[in-house]
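Chemist: Sending over final-v9.txt (compact mmCIF, C-alpha atoms).
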```txt
# COMPACT_ATOMS: atom_id res chain seq x y z
CA MET F 637 140.19 75.68 98.56
CA LEU F 638 138.21 73.20 100.64
CA ASP F 639 137.55 69.73 99.28
CA GLU F 640 133.90 69.52 98.10
CA LYS F 641 133.12 66.26 99.92
CA LYS F 642 134.59 67.66 103.15
CA VAL F 643 132.52 70.85 102.73
CA LYS F 644 129.29 68.88 102.35
CA GLN F 645 130.12 66.72 105.36
CA ILE F 646 130.79 69.77 107.56
CA VAL F 647 127.60 71.52 106.40
CA GLY F 648 125.62 68.37 107.15
CA GLU F 649 126.95 68.12 110.68
CA VAL F 650 126.45 71.82 111.33
CA LEU F 651 122.88 71.92 109.98
CA LYS F 652 121.96 68.91 112.14
CA GLN F 653 123.42 70.71 115.15
CA ILE F 654 121.38 73.83 114.36
CA ASP F 655 118.21 71.79 113.94
CA LEU F 656 118.83 70.39 117.40
CA GLN F 657 119.32 73.88 118.80
CA ASP F 658 116.08 75.02 117.15
CA ARG F 659 114.24 72.46 119.23
CA ILE F 660 115.97 73.60 122.39
CA LYS F 661 115.42 77.35 122.18
CA PRO F 662 113.23 79.58 120.02
CA GLY F 663 114.79 81.86 117.40
CA THR F 664 115.46 85.44 118.32
CA ILE F 665 114.45 87.43 115.21
CA PRO F 666 110.79 88.31 114.53
CA VAL F 667 109.50 87.90 110.97
CA GLY F 668 107.59 90.67 109.19
CA VAL F 669 105.87 89.56 105.98
CA SER F 670 105.53 92.37 103.44
CA GLY F 671 102.63 92.11 101.02
CA ARG F 672 102.96 94.01 97.75
CA HIS F 673 102.95 97.77 98.36
CA ILE F 674 103.79 101.12 96.85
CA HIS F 675 105.75 104.08 98.22
CA LEU F 676 104.67 107.28 96.46
CA ALA F 677 106.42 110.54 95.66
CA GLN F 678 104.18 113.55 96.56
CA GLU F 679 103.85 114.45 92.87
CA ASP F 680 102.59 110.98 91.95
CA LEU F 681 100.28 110.92 95.00
CA GLU F 682 98.65 114.15 93.78
CA THR F 683 98.28 112.81 90.21
CA LEU F 684 96.52 109.71 91.58
CA PHE F 685 94.43 111.30 94.37
CA GLY F 686 94.23 115.02 93.55
CA PRO F 687 96.17 118.22 94.37
CA GLY F 688 97.38 118.63 97.97
CA TYR F 689 96.26 115.10 98.90
CA LYS F 690 97.47 113.67 102.23
CA LEU F 691 97.53 109.94 103.03
CA LYS F 692 95.32 108.66 105.85
CA VAL F 693 97.04 106.41 108.42
CA MET F 694 95.39 102.98 108.68
CA LYS F 695 98.04 101.17 110.78
CA ASP F 696 101.51 101.91 112.12
CA LEU F 697 104.23 99.53 110.89
CA SER F 698 107.08 97.95 112.85
CA GLN F 699 109.56 100.62 111.70
CA PRO F 700 108.97 103.91 113.61
CA GLY F 701 107.16 106.57 111.53
CA GLN F 702 106.18 104.17 108.75
CA PHE F 703 102.51 103.36 108.21
CA ALA F 704 100.07 101.49 106.00
CA ALA F 705 97.69 104.03 104.47
CA GLU F 706 93.97 103.54 104.04
CA GLU F 707 94.43 104.18 100.31
CA CYS F 708 95.21 101.57 97.66
CA VAL F 709 96.00 101.87 93.95
CA MET F 710 95.61 99.58 90.95
CA LEU F 711 98.67 98.20 89.10
CA VAL F 712 98.36 97.58 85.36
CA GLY F 713 101.04 95.48 83.62
CA LYS F 714 101.32 94.14 80.08
CA LYS F 715 99.70 90.84 80.93
CA GLY F 716 97.44 91.55 83.86
CA VAL F 717 96.07 93.81 86.54
CA ILE F 718 96.44 93.80 90.32
CA GLU F 719 93.41 95.63 91.62
CA LYS F 720 94.63 96.38 95.12
CA CYS F 721 98.11 97.54 96.05
CA ARG F 722 98.43 99.13 99.51
CA ILE F 723 100.15 102.53 99.80
CA LEU F 724 102.76 102.81 102.56
CA GLY F 725 103.56 106.23 103.98
CA PRO F 726 104.96 108.73 104.49
CA VAL F 727 105.68 109.94 100.94
CA ARG F 728 109.23 109.46 99.65
CA LYS F 729 111.47 111.19 97.11
CA ALA F 730 110.75 108.60 94.42
CA THR F 731 107.87 106.23 93.77
CA GLN F 732 108.78 102.57 94.33
CA ILE F 733 106.60 99.48 94.00
CA GLU F 734 107.53 96.26 95.79
CA ILE F 735 105.99 93.09 94.39
CA SER F 736 106.57 89.35 94.70
CA VAL F 737 107.80 87.06 91.92
CA THR F 738 104.24 85.66 91.82
CA ASP F 739 102.93 89.20 91.17
CA SER F 740 105.52 89.69 88.41
CA PHE F 741 104.00 86.72 86.53
CA ALA F 742 100.46 88.08 87.00
CA LEU F 743 101.48 91.52 85.74
CA GLY F 744 103.72 90.25 82.94
CA ILE F 745 106.84 92.17 83.94
CA PRO F 746 110.34 90.90 84.79
CA ALA F 747 111.08 90.04 88.44
CA VAL F 748 114.04 92.30 89.22
CA VAL F 749 115.47 91.68 92.70
CA ARG F 750 116.88 94.88 94.22
CA ASP F 751 117.60 96.47 97.56
CA SER F 752 115.04 99.15 98.42
CA GLY F 753 115.94 102.48 96.79
CA ASP F 754 118.00 100.86 94.00
CA THR F 755 115.47 101.18 91.19
CA LYS F 756 117.60 102.40 88.28
CA GLY F 757 116.74 100.41 85.15
CA SER F 758 114.01 98.40 86.91
CA PRO F 759 110.67 97.81 85.11
CA GLY F 760 107.82 100.30 85.12
CA LEU F 761 104.05 99.93 84.89
CA ILE F 762 100.87 101.97 85.00
CA VAL F 763 99.52 102.99 88.42
CA VAL F 764 95.85 103.97 88.57
CA GLY F 765 94.16 105.97 91.33
CA PRO F 766 90.71 107.56 91.71
CA LYS F 767 91.82 110.87 90.16
CA GLY F 768 94.35 109.80 87.52
CA ALA F 769 97.10 107.48 86.35
CA VAL F 770 100.90 107.53 86.48
CA ASN F 771 102.93 105.88 83.73
CA LEU F 772 105.85 104.85 85.90
CA LYS F 773 109.00 104.41 83.77
CA GLU F 774 110.91 102.46 86.42
CA GLY F 775 110.61 101.58 90.10
CA VAL F 776 109.02 98.12 90.24
CA ILE F 777 111.24 95.76 92.20
CA VAL F 778 111.15 92.47 94.07
CA ALA F 779 112.65 93.81 97.31
CA ALA F 780 115.63 91.81 98.53
CA ARG F 781 114.99 90.18 101.88
CA HIS F 782 116.46 92.32 104.64
CA LEU F 783 116.85 92.54 108.39
CA HIS F 784 116.21 95.83 110.19
CA MET F 785 117.96 96.30 113.51
CA HIS F 786 118.76 99.08 115.94
CA THR F 787 122.40 100.11 116.36
CA ARG F 788 122.46 98.56 119.85
CA GLU F 789 121.13 95.23 118.51
CA ALA F 790 123.70 95.25 115.71
CA GLU F 791 126.45 95.52 118.32
CA LYS F 792 124.93 92.62 120.23
CA PHE F 793 124.78 90.46 117.07
CA GLY F 794 128.24 91.59 115.89
CA LEU F 795 126.78 92.93 112.65
CA LYS F 796 127.03 96.22 110.75
CA ASP F 797 124.94 98.08 108.18
CA MET F 798 125.04 96.47 104.69
CA ASP F 799 126.32 93.09 105.95
CA ARG F 800 124.85 90.04 104.20
CA ILE F 801 123.82 87.15 106.43
CA SER F 802 121.81 83.89 106.35
CA ILE F 803 118.63 83.33 108.34
CA LYS F 804 116.96 79.97 108.99
CA THR F 805 113.32 79.17 109.66
CA SER F 806 112.20 75.96 111.37
CA GLY F 807 109.53 73.31 110.82
CA PRO F 808 108.93 70.83 107.98
CA LYS F 809 109.24 73.57 105.33
CA ALA F 810 112.39 75.05 106.92
CA VAL F 811 114.53 77.18 104.61
CA VAL F 812 117.72 79.16 104.95
CA PHE F 813 117.37 82.59 103.38
CA CYS F 814 120.79 83.56 102.01
CA ASN F 815 121.97 87.07 101.05
CA VAL F 816 119.88 88.81 103.73
CA LEU F 817 120.83 92.50 103.74
CA VAL F 818 121.38 93.95 107.22
CA ARG F 819 120.13 97.53 107.72
CA VAL F 820 121.26 99.23 110.91
CA ASN F 821 119.92 102.56 112.14
CA ASP F 822 119.08 104.29 115.43
CA GLN F 823 115.47 104.43 114.19
CA PHE F 824 115.08 100.77 113.25
CA ALA F 825 113.26 98.04 115.17
CA LEU F 826 114.38 94.40 114.92
CA ASP F 827 112.39 92.82 112.07
CA PHE F 828 113.21 90.36 109.28
CA HIS F 829 111.35 91.47 106.16
CA ILE F 830 110.43 88.88 103.57
CA ASP F 831 107.82 88.87 100.82
CA THR F 832 104.74 86.66 100.60
CA ASP F 833 106.44 84.07 98.36
CA GLU F 834 109.25 83.68 100.87
CA ALA F 835 106.85 83.51 103.80
CA ASN F 836 104.71 80.85 102.13
CA ALA F 837 107.73 78.83 100.93
CA GLY F 838 108.89 78.60 104.55
CA ASN F 839 105.33 78.49 105.95
CA VAL F 840 106.09 81.38 108.33
CA LYS F 841 103.96 84.38 109.19
CA THR F 842 104.44 87.80 110.76
CA GLY F 843 105.58 87.44 114.37
CA ASP F 844 107.19 83.99 113.96
CA ARG F 845 110.76 83.80 115.22
CA VAL F 846 113.80 82.88 113.11
CA GLU F 847 117.51 82.42 113.69
CA ILE F 848 120.63 84.04 112.28
CA ILE F 849 122.92 81.16 111.32
CA ALA F 850 125.78 82.83 109.45
CA MET B 1463 127.69 69.63 121.69
CA LEU B 1464 129.31 72.24 119.48
CA ASP B 1465 129.67 75.79 120.77
CA GLU B 1466 127.04 78.03 119.08
CA LYS B 1467 129.50 80.76 118.03
CA LYS B 1468 131.81 78.17 116.50
CA VAL B 1469 128.88 76.58 114.64
CA LYS B 1470 127.89 79.93 113.12
CA GLN B 1471 131.47 80.66 112.11
CA ILE B 1472 131.87 77.29 110.39
CA VAL B 1473 128.52 77.65 108.57
CA GLY B 1474 129.55 81.11 107.41
CA GLU B 1475 132.85 79.86 106.00
CA VAL B 1476 131.24 76.87 104.36
CA LEU B 1477 128.38 78.86 102.78
CA LYS B 1478 130.90 81.35 101.35
CA GLN B 1479 132.88 78.44 99.91
CA ILE B 1480 129.74 77.00 98.33
CA ASP B 1481 128.81 80.40 96.87
CA LEU B 1482 132.25 80.46 95.29
CA GLN B 1483 131.75 76.99 93.88
CA ASP B 1484 128.36 78.01 92.48
CA ARG B 1485 130.14 80.61 90.37
CA ILE B 1486 132.69 78.09 89.17
CA LYS B 1487 130.41 75.26 88.10
CA PRO B 1488 126.66 74.90 87.63
CA GLY B 1489 124.60 72.79 90.04
CA THR B 1490 123.85 69.24 89.10
CA ILE B 1491 120.18 68.77 90.06
CA PRO B 1492 117.39 69.97 87.73
CA VAL B 1493 114.41 71.75 89.30
CA GLY B 1494 110.83 70.74 88.51
CA VAL B 1495 108.21 73.23 89.71
CA SER B 1496 104.87 71.60 90.55
CA GLY B 1497 101.81 73.78 90.19
CA ARG B 1498 98.75 72.76 92.18
CA HIS B 1499 97.36 69.45 90.92
CA ILE B 1500 95.10 66.54 91.76
CA HIS B 1501 95.63 62.78 91.56
CA LEU B 1502 92.29 60.98 91.25
CA ALA B 1503 91.04 57.58 92.28
CA GLN B 1504 89.08 55.93 89.42
CA GLU B 1505 85.85 56.14 91.46
CA ASP B 1506 86.22 59.90 91.96
CA LEU B 1507 87.23 60.39 88.31
CA GLU B 1508 83.96 58.72 87.26
CA THR B 1509 81.90 60.84 89.66
CA LEU B 1510 83.46 64.00 88.22
CA PHE B 1511 83.59 63.05 84.51
CA GLY B 1512 81.11 60.19 84.10
CA PRO B 1513 81.13 56.36 84.19
CA GLY B 1514 84.12 54.64 82.53
CA TYR B 1515 85.90 57.92 81.91
CA LYS B 1516 89.56 57.80 80.85
CA LEU B 1517 91.98 60.74 81.21
CA LYS B 1518 93.46 62.25 78.05
CA VAL B 1519 97.23 62.73 78.05
CA MET B 1520 98.23 66.37 77.49
CA LYS B 1521 101.94 66.14 78.35
CA ASP B 1522 104.32 63.53 79.73
CA LEU B 1523 106.02 64.50 83.01
CA SER B 1524 109.63 63.99 84.06
CA GLN B 1525 108.80 60.82 85.99
CA PRO B 1526 108.26 57.88 83.56
CA GLY B 1527 104.57 56.98 83.08
CA GLN B 1528 103.26 60.12 84.79
CA PHE B 1529 101.39 62.69 82.74
CA ALA B 1530 99.48 65.97 82.92
CA ALA B 1531 95.94 65.32 81.69
CA GLU B 1532 93.93 67.63 79.46
CA GLU B 1533 91.25 67.70 82.14
CA CYS B 1534 91.02 70.13 85.05
CA VAL B 1535 88.67 70.34 88.04
CA MET B 1536 87.47 73.15 90.29
CA LEU B 1537 88.40 73.25 94.00
CA VAL B 1538 85.91 74.77 96.44
CA GLY B 1539 87.07 75.65 99.96
CA LYS B 1540 85.36 77.42 102.84
CA LYS B 1541 86.74 80.82 101.88
CA GLY B 1542 87.30 80.66 98.15
CA VAL B 1543 87.38 78.79 94.87
CA ILE B 1544 90.26 77.77 92.61
CA GLU B 1545 88.72 77.40 89.18
CA LYS B 1546 91.46 75.38 87.54
CA CYS B 1547 93.35 72.51 89.10
CA ARG B 1548 95.19 70.22 86.67
CA ILE B 1549 94.63 66.46 86.91
CA LEU B 1550 97.79 64.32 86.82
CA GLY B 1551 97.55 60.73 85.65
CA PRO B 1552 97.43 57.82 85.76
CA VAL B 1553 94.69 57.26 88.35
CA ARG B 1554 95.83 56.23 91.84
CA LYS B 1555 94.35 54.25 94.73
CA ALA B 1556 93.35 57.39 96.63
CA THR B 1557 92.55 60.94 95.56
CA GLN B 1558 95.19 63.46 96.66
CA ILE B 1559 95.32 67.20 96.03
CA GLU B 1560 98.62 69.06 96.22
CA ILE B 1561 98.37 72.81 96.79
CA SER B 1562 100.72 75.62 97.83
CA VAL B 1563 100.50 77.58 101.09
CA THR B 1564 99.27 80.51 98.96
CA ASP B 1565 96.43 78.30 97.66
CA SER B 1566 95.57 77.28 101.23
CA PHE B 1567 94.90 80.94 102.09
CA ALA B 1568 92.75 81.41 98.98
CA LEU B 1569 90.72 78.27 99.77
CA GLY B 1570 90.51 78.91 103.50
CA ILE B 1571 91.89 75.54 104.60
CA PRO B 1572 94.92 74.72 106.79
CA ALA B 1573 98.29 74.26 105.06
CA VAL B 1574 99.29 70.75 106.11
CA VAL B 1575 102.77 69.79 104.93
CA ARG B 1576 103.02 66.06 104.18
CA ASP B 1577 104.98 63.62 102.08
CA SER B 1578 102.97 62.38 99.11
CA GLY B 1579 100.67 59.51 100.10
CA ASP B 1580 100.56 60.52 103.77
CA THR B 1581 97.10 62.11 103.79
CA LYS B 1582 95.55 60.69 107.00
CA GLY B 1583 93.86 63.52 108.92
CA SER B 1584 94.65 66.14 106.27
CA PRO B 1585 91.96 68.66 105.24
CA GLY B 1586 89.29 67.94 102.66
CA LEU B 1587 87.37 70.15 100.22
CA ILE B 1588 84.82 69.92 97.46
CA VAL B 1589 86.03 68.95 93.98
CA VAL B 1590 83.78 69.87 91.07
CA GLY B 1591 83.89 68.37 87.56
CA PRO B 1592 81.61 68.61 84.52
CA LYS B 1593 79.49 65.63 85.60
CA GLY B 1594 79.44 65.89 89.38
CA ALA B 1595 81.15 66.79 92.63
CA VAL B 1596 83.17 64.88 95.22
CA ASN B 1597 83.07 65.91 98.87
CA LEU B 1598 86.61 64.86 99.73
CA LYS B 1599 86.93 64.19 103.48
CA GLU B 1600 90.75 64.32 103.49
CA GLY B 1601 93.62 64.37 101.00
CA VAL B 1602 94.57 68.02 100.57
CA ILE B 1603 98.26 68.50 101.36
CA VAL B 1604 101.13 70.89 100.78
CA ALA B 1605 103.53 68.31 99.38
CA ALA B 1606 106.90 68.28 101.12
CA ARG B 1607 109.74 69.21 98.77
CA HIS B 1608 111.40 66.06 97.47
CA LEU B 1609 114.14 64.83 95.17
CA HIS B 1610 113.48 61.96 92.79
CA MET B 1611 116.49 59.96 91.69
CA HIS B 1612 117.29 56.68 89.98
CA THR B 1613 118.96 53.95 92.03
CA ARG B 1614 122.19 54.43 90.09
CA GLU B 1615 122.18 58.17 90.80
CA ALA B 1616 121.52 57.57 94.50
CA GLU B 1617 124.65 55.41 94.61
CA LYS B 1618 126.62 58.17 92.91
CA PHE B 1619 125.37 60.78 95.41
CA GLY B 1620 125.77 58.44 98.39
CA LEU B 1621 122.07 58.72 99.24
CA LYS B 1622 119.27 56.27 99.93
CA ASP B 1623 115.47 56.28 99.79
CA MET B 1624 113.84 58.38 102.57
CA ASP B 1625 117.04 60.34 103.38
CA ARG B 1626 116.52 64.03 104.20
CA ILE B 1627 118.97 66.47 102.62
CA SER B 1628 119.45 70.20 101.99
CA ILE B 1629 119.49 71.77 98.53
CA LYS B 1630 120.71 75.27 97.68
CA THR B 1631 119.71 77.57 94.85
CA SER B 1632 121.88 80.44 93.62
CA GLY B 1633 121.40 84.10 92.72
CA PRO B 1634 120.28 87.12 94.77
CA LYS B 1635 117.25 85.24 96.14
CA ALA B 1636 119.29 82.11 96.96
CA VAL B 1637 117.73 79.79 99.52
CA VAL B 1638 118.65 76.50 101.11
CA PHE B 1639 115.69 74.13 101.15
CA CYS B 1640 116.02 71.96 104.27
CA ASN B 1641 114.26 68.63 104.96
CA VAL B 1642 114.23 67.57 101.29
CA LEU B 1643 112.93 63.99 101.12
CA VAL B 1644 114.97 61.71 98.84
CA ARG B 1645 112.95 59.19 96.83
CA VAL B 1646 114.95 56.48 95.10
CA ASN B 1647 113.50 54.02 92.59
CA ASP B 1648 114.55 52.23 89.39
CA GLN B 1649 111.75 54.14 87.62
CA PHE B 1650 112.65 57.66 88.82
CA ALA B 1651 114.40 60.40 86.86
CA LEU B 1652 116.57 62.99 88.64
CA ASP B 1653 114.30 65.94 89.49
CA PHE B 1654 113.95 68.25 92.51
CA HIS B 1655 110.24 68.91 93.03
CA ILE B 1656 109.20 72.15 94.71
CA ASP B 1657 105.91 74.04 94.71
CA THR B 1658 105.25 77.46 93.18
CA ASP B 1659 105.80 79.33 96.48
CA GLU B 1660 109.19 77.72 96.86
CA ALA B 1661 110.12 78.37 93.23
CA ASN B 1662 109.12 82.02 93.45
CA ALA B 1663 110.80 82.54 96.83
CA GLY B 1664 114.08 81.37 95.28
CA ASN B 1665 113.29 82.86 91.84
CA VAL B 1666 113.96 79.51 90.16
CA LYS B 1667 112.02 77.81 87.39
CA THR B 1668 111.70 74.34 85.91
CA GLY B 1669 115.00 73.29 84.36
CA ASP B 1670 117.23 75.50 86.54
CA ARG B 1671 120.05 73.65 88.27
CA VAL B 1672 120.57 73.43 92.01
CA GLU B 1673 123.12 71.88 94.35
CA ILE B 1674 122.95 69.30 97.13
CA ILE B 1675 124.85 70.82 100.04
CA ALA B 1676 124.21 68.47 102.93
```
Could you write out this structure as C-alpha cells?
Modeler:
Amino acid sequence: MLDEKKVKQIVGEVLKQIDLQDRIKPGTIPVGVSGRHIHLAQEDLETLFGPGYKLKVMKDLSQPGQFAAEECVMLVGKKGVIEKCRILGPVRKATQIEISVTDSFALGIPAVVRDSGDTKGSPGLIVVGPKGAVNLKEGVIVAARHLHMHTREAEKFGLKDMDRISIKTSGPKAVVFCNVLVRVNDQFALDFHIDTDEANAGNVKTGDRVEIIA
Amino acid sequence: MLDEKKVKQIVGEVLKQIDLQDRIKPGTIPVGVSGRHIHLAQEDLETLFGPGYKLKVMKDLSQPGQFAAEECVMLVGKKGVIEKCRILGPVRKATQIEISVTDSFALGIPAVVRDSGDTKGSPGLIVVGPKGAVNLKEGVIVAARHLHMHTREAEKFGLKDMDRISIKTSGPKAVVFCNVLVRVNDQFALDFHIDTDEANAGNVKTGDRVEIIA
C-alpha cells in the first residue's frame, strides 16, 4: 500500500511531465465524437419505416462497413422528447440507443453507463418513425467511452481487446478519461469514441488528437 | 527528462492505487455544478429591468453572500437563442456571462475558456430583459473549472491561491479534471465548480465528492 502523500506527489510530477510532452509532440489517437444515435434490429426498422425497408447510406463512418443513415427517428421519454436521433447502419440483432447524460435529463430516464451490446436491464423508451412506433423495453445506454484499434495497432501499443486504459486531452480544459475500453479487431480503425458531453467537457472535436497515458 | 514508457507505467500504477483508495474512502471535495448564468453590472441590470432595479434573492449559493436571483434573461447569439439564463447576484463591476461549450454551439459563438473576471477580448452577444436589451461587446466565457477553499482549508491541503491542480471523479465515467484553478479566500467555502458539460461527462452532480490527486 503506497502512502497517500507519496502517491499524490508522484502523480503531480508525472502529470507535469506529460503536459510538457504534450507541448513537444502531438497526441497519436484521433478523437471521434458520437452524437446520440440508434442501431435498429430489422424488425424494429420495419415497424418504424414499413415492411422490407432498407436504410439509405448518408455517410460512411470511421469503422469499416458502418454508416450514418439518411433516416432519423424521434425518441419519447417520460419527461421529454428528442425529435431527431440519427440511425446508424447496418441493422443489428438488437435495437440499441446511445444517448448522453444530458439527453437522459431531457428524456427523463436514468443515465445507465454500459459497454455497447450490454443492454440487459437498461431503460427503455418509445421510438417513433414515419410508419409506426416501437415501445422499447430496454436498450437505452450511455455508451462507455472506448478506443477502437486494429490488431496491428494493438500490438504496437502493447494493448489487447477489453483492456481498460486512460486517455488525456490537452488545452485549458484538459481531462483524463479513465476506464476507456479497448476494442481490438482486424476490421477496426484507430478511433477514440466519446459522447458529446465528454467532447464538450474537454473542448475537443472529431479529428483532434489525444494521448494514451496509462 | 523521464523516459516516456516509465512515465506511463508509473501513472498506471498510481491511478490503480487511487482507484483502490476511492473504494476505501469517499473523496473529500464537494462538487458544485454551475449551470449557465450571468453576473450583471448595475448599469446593465437597469437597462434590462428598469431604473433602480434590485435583484430578488431566490436561493443562497455555496459561496457566502452570493445568490441565485429570481430573475432570468434571454441570450441571443448569431446562430441561436437561449431563452433562460439565470442571473446571479449581487451585481458586479462588469457584466460576465458563463456558458458551457454546448451552449456556445447553440448560440453560434466561440467557446473561450477563461478564469472568472478575465473577459478581455472574449465574445459578446445580445442580452434581452423585460425592459430592454444590452449589446454586450465582450464578457461571454466558458469559465475554467476551479476549486474554492477557505484559507484554513488551503493550509490543510498544502495549496495556495492560483495553484493549478488535478481532481478525479469516480465511477464508470471517471475523469481527471486537469488545470483546476485554486481560489483561496477567508470568505470561500470548499466547493469544486464545474460546468454542466463537465458534470455530465463525469456523471457527477452537485454534492458528490471528488478527490484531489495532484
Chemist: Tell me, in Å to one decimal, how far CA of Asn771 (chain F) is from CA of Phe685 (chain F).
Modeler: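 CA of Phe685 (chain F) lies at a distance of 14.7 Å from CA of Asn771 (chain F).
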Chemist: Distance limit 7 Å, atoms considered: all atoms listed in the file. Which chain B residues sit that close to chain F? Return them as number ranges by chain.
Modeler: B: 1469-1471, 1473-1474, 1476, 1563-1564, 1575, 1634, 1636-1641, 1659-1660, 1662-1663, 1665, 1675-1676
Chemist: Quick one, how far is CA of Asp797 (chain F) from CA of Phe824 (chain F)?
Modeler: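 Computed distance, CA of Asp797 (chain F) to CA of Phe824 (chain F), equals 11.4 Å.
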Chemist: One number please: CA of Gly1514 (chain B) to CA of Lys1599 (chain B), in Å, one decimal.
Modeler: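 CA of Gly1514 (chain B) sits 23.2 Å away from CA of Lys1599 (chain B).
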Chemist: Identify which of the residues B:Leu1523, B:Leu1507, B:Ala1530, B:Ala1568 lies closest to Gly1494 (chain B), counting all atoms listed in the file when measuring atom-to-atom distances.
Modeler: B:Leu1523
Chemist: Kindly indicate which residue among B:Arg1626, B:His1655, B:Arg1554, B:Lys1582 lies nearest to Glu1505 (chain B), using all atoms listed in the file for the distances.
Modeler: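 The closest residue to Glu1505 (chain B) is B:Arg1554.
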Chemist: For Gly671 (chain F), which residue out of F:Leu817, F:Ile733, F:Leu826, F:Leu691 is the nearest one, using all atoms listed in the file?
Modeler: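 The closest residue to Gly671 (chain F) is F:Ile733.
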Chemist: Taking 2 positions as the minimum chain separation for residues in the same chain, which residues sit within 12 Å of Ala1616 (chain B) when counting all atoms listed in the file? Answer as number ranges by chain.
Modeler: B: 1609-1614, 1618-1625, 1644-1648, 1650-1652
Chemist: I want to know what sits within 10 Å of region 1519-1521 of chain B, based on only C-alpha atoms, with residues of the same chain fewer than 5 positions away left out; could you give that as a list in words?
Modeler: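 Within the cut-off, the hits are Gln1528, Phe1529, Ala1530, Ala1531, Glu1532, Glu1533, Ile1549, Leu1550, Gly1551 and Pro1552 of chain B.
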Chemist: Create the file for the chosen residues now, containing C-alpha atoms and written as a tab-separated table (two decimals), in the coordinates of the input.
Modeler:
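Everything below was put into again01.tsv:
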```
chain	number	residue	atom	x	y	z
B	1528	GLN	CA	103.26	60.12	84.79
B	1529	PHE	CA	101.39	62.69	82.74
B	1530	ALA	CA	99.48	65.97	82.92
B	1531	ALA	CA	95.94	65.32	81.69
B	1532	GLU	CA	93.93	67.63	79.46
B	1533	GLU	CA	91.25	67.70	82.14
B	1549	ILE	CA	94.63	66.46	86.91
B	1550	LEU	CA	97.79	64.32	86.82
B	1551	GLY	CA	97.55	60.73	85.65
B	1552	PRO	CA	97.43	57.82	85.76
```
Chemist: As JSON, numbers by chain, please: the residues near Lys1593 (chain B) (cut-off 12 Å, only C-alpha atoms, same-chain neighbours under 2 positions excluded).
Modeler: {"B": [1506, 1507, 1508, 1509, 1510, 1511, 1512, 1513, 1515, 1535, 1536, 1589, 1590, 1591, 1595, 1596]}
